[in-house]
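**Q** Quick one: the structure is below, questions incoming.
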Amino acid sequence: MHSSTSSSDLPDPALRRVSSSGAERLTASDRPGVAQPVPERDIPERPWGPIFVATLVLFVLLVAGWEFYWRAFGATPGYYNSNAEWAQQRRRIDTGEGGKTVLEGSSRVLFDVQLPVWEKLAGERPIQLAIEGTSGVIVLEDLAADPNFTGRVLAGVASDLFFTGFAYRGEVVPFYHKETPSQRMGNWLSRMFVEPWFAFYDFDFALAAVVKRQAWPRRPGIPAIDPVRKLMEQGADRNTHIWSKVETDAAYREIARGIWTQRLNAPPPPNVDTPEKLQKVIDAQIQRAVDAVAKLRARGVQVLFVRPPTSGPYLEFDNKVFPRAKTWDVLLARTGAPGIHFQDYPELNQAWNLPEWSHLSLADSERFTAALYTIIERDFWPKDDKRAAAR
Amino acid sequence: MVFNSLTFVVFFACVLVLHNLPLSWTTKKVNLLIASYIFYAAWNPPFIVLLWVSTVVDWYAAQGLVKAKREAARHAWMLLSVVANLGMLAYFKYGQFMLDNFTALMTAMGWAYHPAKYDIVLPVGISFYTFATMSYTLDVYLRRAAPARNLLDYALFVTFFPHLVAGPIMRPTELVPQFEQPRRATGAQLRFGLALMTLGLFNKIVLADSFLSDIAERVYDADKIPGALDAWAATLAFSGQIFCDFAGYSTTAIGAALCLGFAMPDNFRFPYAAVGFSDFWRRWHITLSSWLRDYLYIPLGGNRHGVARTYVALMLTMLLGGLWHGANWTFVAWGGLHGLYLAVERFLRGRFGGYRPGPLAFVCLGLLTYMLVNLTWVFFRAKTFGKAWLVLGGMFGQHADARPILSYFSLIAAAAIVGAIVSTHWFMRGRTLESVVARTHPAALCAAWALMAFAIVIAQGEGSAFIYFQF
């Protein structure tokens with residue numbers, strides 16, 4: 001702030017800018033200690049009508065070109081995997097659907113469990129709350145803290161996320177709790193007027209993402225870890241499957257695999273860079289799950305952990321860094337909750353098609369869902385149990 | 001709601017339609033008032049009550065001021081307004097800060113004080129609208145302005161949605177008279193207003209959110225020790241981010257008001273081309289700096305009571321200005337540094353009053369000003385002093401062995417965007433946007449406008465809040 005009050009201290013005349021109309025346009029900084037007058041805003045003398053129309057035409061052409069480009073790339077309109085969409089599904093628990101089955105976990109439960117197949121077999125469509133790149137413990141804790149939730153939980157376990165507590169999308173839960181009316185309205189408008197119509201509306205096609213992934217030189221000392229590319233297509237209630245391009249486009253599939261390879265070969269983060277530190281983190285995450293499961297079971301909620309299939313380097317990484325005996329087995333033993341590890345069931349331990357080692361192809365995700373549900377109903381959640389509970 | 005959201009697009013379209021219907025002026029003003037309440041309630045409906053409290057208290061305080069016969073009564077009405085507004089601000093914005101400091105003080109004195117949790121949500125824009133309403137009673141108290149003729153005009157002045165949550169901080173004399181006569185934008189005003197909104201949103205969504213914020217976050221929010229290149233790149237990126245974010249908001253607000261036929265004042269005047277700090281504060285957040293000057297610095301004595309009092313008033317004003325930005329000592333340090341810069345500049349001007357820099361020295365002084373402003377941004381951006389010292393240490397080469405944090409892309413993006421911003425400010429430092437637009441070929445205007453709108457759409461911003469909302 002300027003420290004003068006007298007008119008002699010007014011700014012240099014060069015700062016008293018001359019407007020296009022030839023008049024000076026002063027601001028409050030030029031008028032100390034007086035009532036400020038009504039501001040003047042001059043309009044540049046330009047043919048604004050034709051400019052506006054031409055701009056509109058050019059804008060529409062540019063957007064249409066962008067849309068055409070991404071459709072040619074293989075994208076189709078779908079629903080955005082936004083925080084608001086997750087929150088909308090989460091809210092169903094508060095609005096009369098608290099007794100339903102909830103699917104939660106990471107991207108494998110999101111991609112590999114197909115809601116229409118489950119619905120066909122169970123007679124009820126579950127609520128999909130799994131979120132990619134994020135430990136399932138986070139949503140488990142949120143459900144445990146919500147007395148409205150009295151249903152069942154299928155909790156997905158992706159070892160590298162669940163046992164480290166990594167939460168790429170950890171903000172979804174606080175977003176749900178703090179979502180404003182404006183954000184809810186924005187999500188509704190987006191689902192009505194944007195998402196079903198525009199294929200380019202996807203995080204992977206955003207301007208910054210596109211610019212950042214160009215072939216920029218690598219700075220020495222910076223680990224080569226590229227952002228995960230688009231891997232999925234999502235429906236209206238977060239029913240999700242792998243993007244067909246990952247299955248059909250070998251070059252794109254190699255990009256996806258290359259990104260996983262970068263991550264699997266990257267040095268561990270400082271908090272887990274020794275076996276002792278890693279074990280400490282694993283123990284802490286299991287304890288979080290133990291506490292959450294205890295709360296849920298105390299009010300009659302059944303929790304079932306599921307370890308979906310992986311293959312190739314991903315499976316090798318999990319077996320090496322997160323051996324089952326130190327993670328999965330301990331989780332089940334300490335929580336007392338049952339679990340389905342894909343390697344324990346011949347129906348699930350098949351030669352699945354996992355294009356990028358982590359997620360099933362669409363056809364196999366449908367077969368996997370059917371096989372998984374059959375096991376669940378047979379061994380864990382018999383249909384009659386639910387009817388009895390409902391009575 | 002935020003300007004950069006689909007909700008606002010629909011809201012604004014509805015407001016524009018309503019404002020252009022053949023209705024009476026009073027009805028249109030009522031529409032604007034209701035729309036402004038909806039705009040605010042879209043964040044957190046109960047906080048509308050605070051707006052009402054602020055509105056009603058200052059309305060009656062101003063009425064009381066006018067009717068008061070004795071000076072003591074005038075003082076009392078003025079104090080009522082100040083205490084009510086600052087009390088609200090203190091409770092919602094500084095409650096936790098005061099409690100934390102009190103607890104720390106008690107602990108330092110050997111008393112383990114454990115207060116109850118102070119879980120108060122900060123109402124969006126409270127710092128802005130309390131200052132706007134206070135200026136109303138203070139202007140009436142200082143006999144600079146007459147009170148508004150009716151409550152509707154006054155309530156609309158407080159609540160008018162373009163300036164409500166993040167400024168420009170309007171004075172009653174700037175806006176209330178505009179509500180007295182019917183206003184409707186001409187075709188040119190509407191289109192130029194839309195162009196300004198596009199420019200503002202381009203600054204916010206494309207430059208600040210899509211490219212610059214991530215660069216600053218990677219250094220300031222990570223648990224890493226930055227080297228010189230990373231520390232400077234992140235700080236320069238933040239200088240660009242906060243300008244594009246805040247000036248973007250102001251430009252959008254000015255454009256929105258213009259579309260409705262109202263004029264709002266400039267809030268930024270190409271500040272990164274400032275030469276000296278008094279010049280910087282004539283160009284940065286003009287409506288706040290002039291507010292602090294008129295209602296704090298001048299009442300504290302300004303430069304009317306000798307050299308020592310001038311420096312004290314200057315420092316106090318800037319320290320409180322820093323605290324206004326956030327309930328954290330780092331903001332006070334930011335304000336304090338600016339106060340120190342202004343004091344040193346004032347001293348140097350006194351000693352070397354006849355000095356007139358040549359063109360090269362002028363530019364060098366400008367760049368020096370920008371560099372010193374960047375040092376202050378470290379305290380503004382860092383969440384703790386520890387982080388601020390870490391970044392400053394990096395900037396001054398104390399972490400020679402630090403591992404790289406930012407990619408070449410981030411370094412190039414920071415240099416390119418911030419370089420473009422600073423160059424633009426120097427090109428524009430003696431001009432107005434309007435004067436440049438008036439000389440630009442229509443085809444170039446079309447291309448620039450369409451490209452900015454296109455970039456906004458393909459940037460796919462997720463409606464992230466403007467930085468200044470937290471203040």
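Letters A, B, ... go to the chains of the structure tokens in the order shown; residues in each chain start at 1; ligands are counted from 1 in the same order.
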As an mmCIF file with C-alpha atoms, in the first residue's frame, please: every residue in segment 55-280 of chain A that a backbone DSSP assignment puts in strand (DSSP E or B).

**A**
```cif
data_model
loop_
_atom_site.group_PDB
_atom_site.id
_atom_site.type_symbol
_atom_site.label_atom_id
_atom_site.label_comp_id
_atom_site.auth_asym_id
_atom_site.auth_seq_id
_atom_site.Cartn_x
_atom_site.Cartn_y
_atom_site.Cartn_z
ATOM 1 C CA THR A 101 -24.538 -54.458 -0.487
ATOM 2 C CA VAL A 102 -21.671 -52.032 -0.982
ATOM 3 C CA LEU A 103 -18.661 -52.771 -3.158
ATOM 4 C CA GLU A 104 -15.575 -50.902 -2.091
ATOM 5 C CA ILE A 127 -23.683 -49.712 -4.614
ATOM 6 C CA GLN A 128 -20.277 -49.257 -6.247
ATOM 7 C CA THR A 134 -6.955 -45.814 -3.282
ATOM 8 C CA ARG A 152 -22.958 -55.873 3.582
ATOM 9 C CA VAL A 153 -19.499 -54.869 2.394
ATOM 10 C CA LEU A 154 -17.408 -56.502 -0.245
ATOM 11 C CA ALA A 155 -14.010 -54.949 0.420
ATOM 12 C CA GLY A 156 -11.466 -55.235 -2.343
ATOM 13 C CA ALA A 167 -4.898 -42.989 -1.396
ATOM 14 C CA MET A 232 -11.816 -47.424 -17.992
ATOM 15 C CA GLU A 233 -15.282 -46.535 -19.134
ATOM 16 C CA GLN A 234 -17.919 -45.727 -16.562
ATOM 17 C CA THR A 240 -17.184 -49.604 -14.788
ATOM 18 C CA HIS A 241 -15.164 -51.771 -17.115
ATOM 19 C CA ILE A 242 -11.796 -51.632 -18.768
#
```

**Q** Would you list which chain B residues are within 6 Å of chain A using only C-alpha atoms, as number ranges by chain?

**A** B: 1, 6-7, 42-43, 144, 173-174, 188, 210, 263-265, 278, 281-282, 289-290, 294, 404, 407-408, 430-431, 434-435, 438, 446, 450, 454, 458-460

**Q** Please provide the set of residues having any atom within 7 Å of segment 221-226 of chain B, restricted to only C-alpha atoms, with same-chain residues fewer than 6 positions apart removed, written as a PyMOL selection string.

**A** chain B and resi 390-391+394+399+402+405

**Q** Can I get the selected residues back with N, CA and C atoms, as a CSV table (one decimal), in the first residue's frame?

**A**
```csv
chain,number,residue,atom,x,y,z
B,390,LEU,N,12.8,-23.4,4.6
B,390,LEU,CA,13.4,-24.5,3.8
B,390,LEU,C,13.4,-24.0,2.3
B,391,VAL,N,12.3,-23.4,1.9
B,391,VAL,CA,12.2,-22.9,0.5
B,391,VAL,C,13.2,-21.7,0.3
B,394,GLY,N,16.6,-23.0,0.0
B,394,GLY,CA,16.8,-23.5,-1.4
B,394,GLY,C,17.1,-22.3,-2.3
B,399,HIS,N,20.9,-25.6,-0.2
B,399,HIS,CA,20.7,-27.0,-0.3
B,399,HIS,C,21.4,-27.5,-1.6
B,402,ALA,N,20.6,-31.0,-2.7
B,402,ALA,CA,19.1,-31.4,-2.8
B,402,ALA,C,18.9,-32.2,-4.1
B,405,ILE,N,13.3,-32.0,-7.8
B,405,ILE,CA,11.8,-32.3,-7.5
B,405,ILE,C,11.0,-32.1,-8.8
```

**Q** Report the distance between atom CA of Ser81 of chain B and atom CA of Pro46 of chain B in Å, rounded to one decimal place.

**A**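 Computing the Euclidean distance for atom CA of Ser81 of chain B and atom CA of Pro46 of chain B yields 21.7 Å.
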
**Q** As a ChimeraX atom specification, please: the residues near segment 371-376 of chain A (cut-off 9 Å, only C-alpha atoms, same-chain neighbours under 4 positions excluded).

**A** /A:113,117-118,121-122,304,340,342,345,347-348,366-367,380-382

**Q** Looking only at alpha helix (DSSP H) from DSSP on the backbone, list the matching residues of segment 211-358 of chain A as a PyMOL selection string.

**A** chain A and resi 211-212+244-248+250-265+275-298+312-321+328-335

**Q** Hey, what's within 12 Å of segment 321-324 of chain A if we count only C-alpha atoms and toss same-chain stuff fewer than 2 positions away? As a PyMOL selection string, please?

**A** chain A and resi 157-164+264-265+268+272-275+278-279+281-283+307+313-319+326-332+341-344

**Q** List the neighbours of Leu199 of chain B out to 12 Å using only C-alpha atoms; skip same-chain residues closer than 6 positions along the sequence, and give me the result as a PyMOL selection string.

**A** chain B and resi 4+192-193+205-207+244-245+247-256+433+445+448-456

**Q** With N, CA and C atoms kept, could you save the residues just selected as a compact mmCIF listing (two decimals), in the first residue's frame?

**A**
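Written out: again.txt:
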```txt
# COMPACT_ATOMS: atom_id res chain seq x y z
N ASN B 4 -16.10 -20.64 -11.89
CA ASN B 4 -15.65 -21.68 -12.81
C ASN B 4 -16.42 -22.98 -12.59
N PHE B 192 -18.60 -7.34 -24.42
CA PHE B 192 -17.28 -7.08 -23.83
C PHE B 192 -17.21 -7.69 -22.42
N GLY B 193 -18.35 -7.64 -21.72
CA GLY B 193 -18.40 -8.28 -20.40
C GLY B 193 -18.14 -9.78 -20.49
N ILE B 205 -8.65 -21.01 -14.78
CA ILE B 205 -8.77 -22.45 -15.06
C ILE B 205 -7.56 -22.98 -15.81
N VAL B 206 -7.12 -22.24 -16.80
CA VAL B 206 -6.05 -22.76 -17.66
C VAL B 206 -4.68 -22.48 -17.05
N LEU B 207 -4.38 -21.23 -16.76
CA LEU B 207 -3.03 -20.91 -16.31
C LEU B 207 -2.82 -21.30 -14.84
N CYS B 244 -2.93 -15.04 -11.44
CA CYS B 244 -3.95 -15.51 -12.39
C CYS B 244 -5.23 -15.90 -11.66
N ASP B 245 -5.09 -16.46 -10.47
CA ASP B 245 -6.25 -16.87 -9.69
C ASP B 245 -7.05 -15.66 -9.25
N ALA B 247 -6.53 -12.17 -9.91
CA ALA B 247 -6.88 -11.20 -10.95
C ALA B 247 -7.92 -11.83 -11.89
N GLY B 248 -7.82 -13.16 -12.07
CA GLY B 248 -8.82 -13.87 -12.88
C GLY B 248 -10.21 -13.72 -12.27
N TYR B 249 -10.28 -13.86 -10.94
CA TYR B 249 -11.58 -13.71 -10.27
C TYR B 249 -12.10 -12.29 -10.46
N SER B 250 -11.22 -11.32 -10.23
CA SER B 250 -11.65 -9.91 -10.33
C SER B 250 -12.13 -9.59 -11.74
N THR B 251 -11.38 -10.08 -12.74
CA THR B 251 -11.77 -9.80 -14.13
C THR B 251 -13.12 -10.44 -14.45
N THR B 252 -13.31 -11.66 -13.97
CA THR B 252 -14.60 -12.33 -14.19
C THR B 252 -15.72 -11.56 -13.51
N ALA B 253 -15.45 -11.10 -12.29
CA ALA B 253 -16.47 -10.35 -11.55
C ALA B 253 -16.82 -9.05 -12.27
N ILE B 254 -15.78 -8.35 -12.74
CA ILE B 254 -16.01 -7.08 -13.46
C ILE B 254 -16.83 -7.36 -14.73
N GLY B 255 -16.48 -8.45 -15.42
CA GLY B 255 -17.20 -8.82 -16.64
C GLY B 255 -18.65 -9.17 -16.34
N ALA B 256 -18.87 -9.92 -15.26
CA ALA B 256 -20.25 -10.32 -14.91
C ALA B 256 -21.10 -9.10 -14.60
N LEU B 433 -6.43 -2.44 -20.59
CA LEU B 433 -6.83 -3.53 -21.48
C LEU B 433 -7.71 -2.97 -22.60
N LEU B 445 -8.97 -10.37 -32.25
CA LEU B 445 -9.81 -10.48 -31.05
C LEU B 445 -10.63 -11.76 -31.08
N ALA B 448 -8.30 -14.73 -30.39
CA ALA B 448 -7.89 -14.80 -28.98
C ALA B 448 -9.04 -15.23 -28.09
N TRP B 449 -10.21 -14.66 -28.34
CA TRP B 449 -11.39 -14.96 -27.51
C TRP B 449 -11.78 -16.44 -27.66
N ALA B 450 -11.85 -16.88 -28.93
CA ALA B 450 -12.25 -18.28 -29.18
C ALA B 450 -11.23 -19.25 -28.60
N LEU B 451 -9.95 -18.94 -28.75
CA LEU B 451 -8.92 -19.85 -28.23
C LEU B 451 -8.97 -19.92 -26.70
N MET B 452 -9.20 -18.79 -26.07
CA MET B 452 -9.30 -18.81 -24.60
C MET B 452 -10.51 -19.64 -24.16
N ALA B 453 -11.65 -19.43 -24.83
CA ALA B 453 -12.85 -20.20 -24.48
C ALA B 453 -12.62 -21.68 -24.73
N PHE B 454 -11.97 -22.00 -25.83
CA PHE B 454 -11.67 -23.40 -26.17
C PHE B 454 -10.74 -24.01 -25.10
N ALA B 455 -9.71 -23.25 -24.73
CA ALA B 455 -8.77 -23.75 -23.71
C ALA B 455 -9.49 -23.98 -22.38
N ILE B 456 -10.43 -23.11 -22.05
CA ILE B 456 -11.19 -23.28 -20.80
C ILE B 456 -11.97 -24.61 -20.83
```

**Q** Excluding same-chain residues fewer than 4 positions from Leu86 of chain B, what lies within 8 Å of it counting only C-alpha atoms, as a PDB file with C-alpha atoms, in the first residue's frame?

**A**
```pdb
ATOM      1  CA  VAL B  82     -16.929  -2.070  13.821  1.00  0.00           C
ATOM      2  CA  ALA B  90     -12.653 -12.704  14.900  1.00  0.00           C
ATOM      3  CA  THR B 130     -17.395  -7.388   6.378  1.00  0.00           C
TER       4      THR B 130
END
```

**Q** Just the number, please: distance in Å from atom CA of Leu89 of chain B to atom CA of Ile169 of chain B, one decimal.

**A** 15.7 Å
